[in-house]
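Working notes, beginning with the structure itself.
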Amino acid sequence: MSLSYCVLGSGSAGNATLLTLEHDGRRKRVLIDCGFSPRQTALRLRPLGVERDEITDILLTHLDQDHFYRSWVKLVEHGVVRLHIHRRQQRRAAKIGLNFRHVELFDDDPWPLAETATRIEPVPFAHDDLGTVGFVIDHHGTRLGLATDLGSVPPHLFERFVDLDALALESNYDRSMQIASDRPAFLKRRIMGGKGHLSNEEALCAARRIADQSRLNRLTLLHLSRQCNCPERVKRLWRERAADLLPLLSITGQKETSPEFRVSAAGSRPTSPATGNGAAAPSTAPPRLFG
Ligand SMILES: [Zn+2]
């Protein structure tokens, strides 16, 4: 029985994370978001030894282009994959032509994913008008929390992201780079105004608090802005403010796929590389920082 995840890429040009859930000798492959074209997704899966048609389900955080690439509409229509969308997104999903025969709508309540009995706990957040959804994936007691495009950190994040073994959280922008950028004022307001993205500081503070009420052995940062962030700044911030969490930390990027992170249950920090593409780093070694 195991849970592992691999960030196929993350940023404003596309987001997708592969989940691999093993139980009773059966393996299920699920995507959280599908922000790359089906072809690009297949290319990113191949080095992991995974074929695109192994993906049975896609959990969507929201329907923005960088989280749902429109060509997936056809694959959903043909029943190749089953899409799970929050009910709040239903009208928008209809507008972009999704056929609801292969779409499962969920509310704020947890539900079991077919075949593996993995419990999916949705956590709604503010993001633009329709909001977005984070997930706690509880695979028989091993728990991964993933949250991106939060806009701000609501108190209920800390009520739901508890007892996690792994955390994947957006760390979108460096505040001083955002302010100094030549972006138009309305865009800066959208990003920094509580319904856009989390800054590096906000992400670190949230991760710190979640770590204190969890048993993390993996911590992954998502959705770094190419224009207004810099992995070096992120590393420096974490070195100064959360050095104890550094051995767990990975920073993902837009172009490259992360290693496949195997999540260990009940606080045991992994000592061996994750399986998959063979490129994974031991988490007890100095941090592998991507992007
Ligand atoms: Zn996004």
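Every chain in the structure tokens has a letter given in the order shown (A, B, ...), and although residue numbers restart at 1 in each chain, ligands are simply numbered from 1 in the order shown.
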Once you count only C-alpha atoms and all ligand atoms, which residues end up within 10 Å of ligand 1, and could you hand them over as a list in words?
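Checking only C-alpha atoms and all ligand atoms against ligand 1 at 10 Å gives Ser10, Gly11, Ser12, Ala13, Gly14, Asn15, Asp33, Gly35, Thr61, His62, Leu63, Asp64, Gln65, Asp66, His67, Phe68, His127, Thr132, Thr148, Asp149, Leu150, Glu170, Asn172, Gly196, His197, Leu222, His223, Leu224 and Ser225 of chain A.
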Quick one: everything within 9 Å of segment 25-28 of chain A, counting only C-alpha atoms, minus sequence neighbours fewer than 3 positions away in the same chain. Send it as a PyMOL selection string.
chain A and resi 1+19-22+54-57+115-116
Near-segment 205-212 of chain A list (9 Å; only C-alpha atoms; drop same-chain fewer than 5 positions) as a JSON list (two decimals) with C-alpha atoms, in the first residue's frame:
```json
[["chain", "number", "residue", "atom", "x", "y", "z"],
["A", 153, "VAL", "CA", -4.62, 31.58, 3.80],
["A", 157, "LEU", "CA", -6.83, 25.54, 5.90],
["A", 158, "PHE", "CA", -5.33, 24.75, 9.30],
["A", 161, "PHE", "CA", -4.56, 20.26, 6.58],
["A", 162, "VAL", "CA", -3.80, 18.27, 9.73],
["A", 163, "ASP", "CA", -1.81, 15.08, 10.31],
["A", 164, "LEU", "CA", -0.30, 15.30, 6.85],
["A", 167, "LEU", "CA", 2.38, 18.94, 1.69],
["A", 169, "LEU", "CA", 1.69, 24.24, -1.58],
["A", 200, "ASN", "CA", 6.72, 33.15, -0.58],
["A", 219, "LEU", "CA", 7.21, 19.33, 1.26],
["A", 242, "ALA", "CA", 12.66, 27.22, 8.41],
["A", 245, "LEU", "CA", 12.16, 21.86, 7.07]]
```
Of the candidates A:Gly141, A:Gly79, A:Pro38, A:Gly134, which one gets nearest to Leu60 of chain A if we count only C-alpha atoms?
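Looking only at the distances to Leu60 of chain A, the closest residue turns out to be A:Gly134.
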As a PyMOL selection string, which residues of segment 166-274 of chain A does DSSP assign to helix (DSSP H, G or I)?
chain A and resi 175-180+185-192+200-212+231-241+243-248
Give the strand (DSSP E) residues of segment 26-228 of chain A, as assigned by DSSP on the backbone, as a count of residues only.
56
For Leu48 of chain A, which of A:Arg183, A:Arg88, A:Arg29, A:Arg143 is the closest residue, counting only C-alpha atoms?
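Among the listed residues, A:Arg29 lies closest to Leu48 of chain A.
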Could you jot down the atom CA of Ser4 of chain A to atom CA of Lys255 of chain A separation for me, Å, one decimal place?
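Computing it gives 20.4 Å between the two atoms.
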Atomic separation - atom CA of Ala93 of chain A relative to atom CA of Arg119 of chain A, Å:
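Taking atom CA of Arg119 of chain A as the start and atom CA of Ala93 of chain A as the end point, the length is 23.9 Å.
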Would you list the contacts of Trp111 of chain A as a list of chain:residue names, taking every protein, DNA or RNA residue within 12 Å and counting only C-alpha atoms, but skipping same-chain residues closer than 2 positions in sequence?
A:His84, A:Glu104, A:Leu105, A:Phe106, A:Asp107, A:Asp108, A:Asp109, A:Leu113, A:Ala114, A:Thr116, A:Ala117, A:Thr118, A:Arg119, A:Ile120, A:Glu121, A:Pro122, A:Phe135, A:Val136, A:Ile137, A:Asp138, A:His139
Give me the residues within 9 Å of segment 99-103 of chain A as a VMD selection string, counting only C-alpha atoms and dropping any in the same chain fewer than 3 places off.
chain A and resid 73 to 74 76 to 85 93 to 94
Please measure the separation of atom CA of Gln178 of chain A and atom CA of Cys228 of chain A, giving the value in Å to one decimal.
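According to the coordinates, atom CA of Gln178 of chain A and atom CA of Cys228 of chain A are separated by 5.2 Å.
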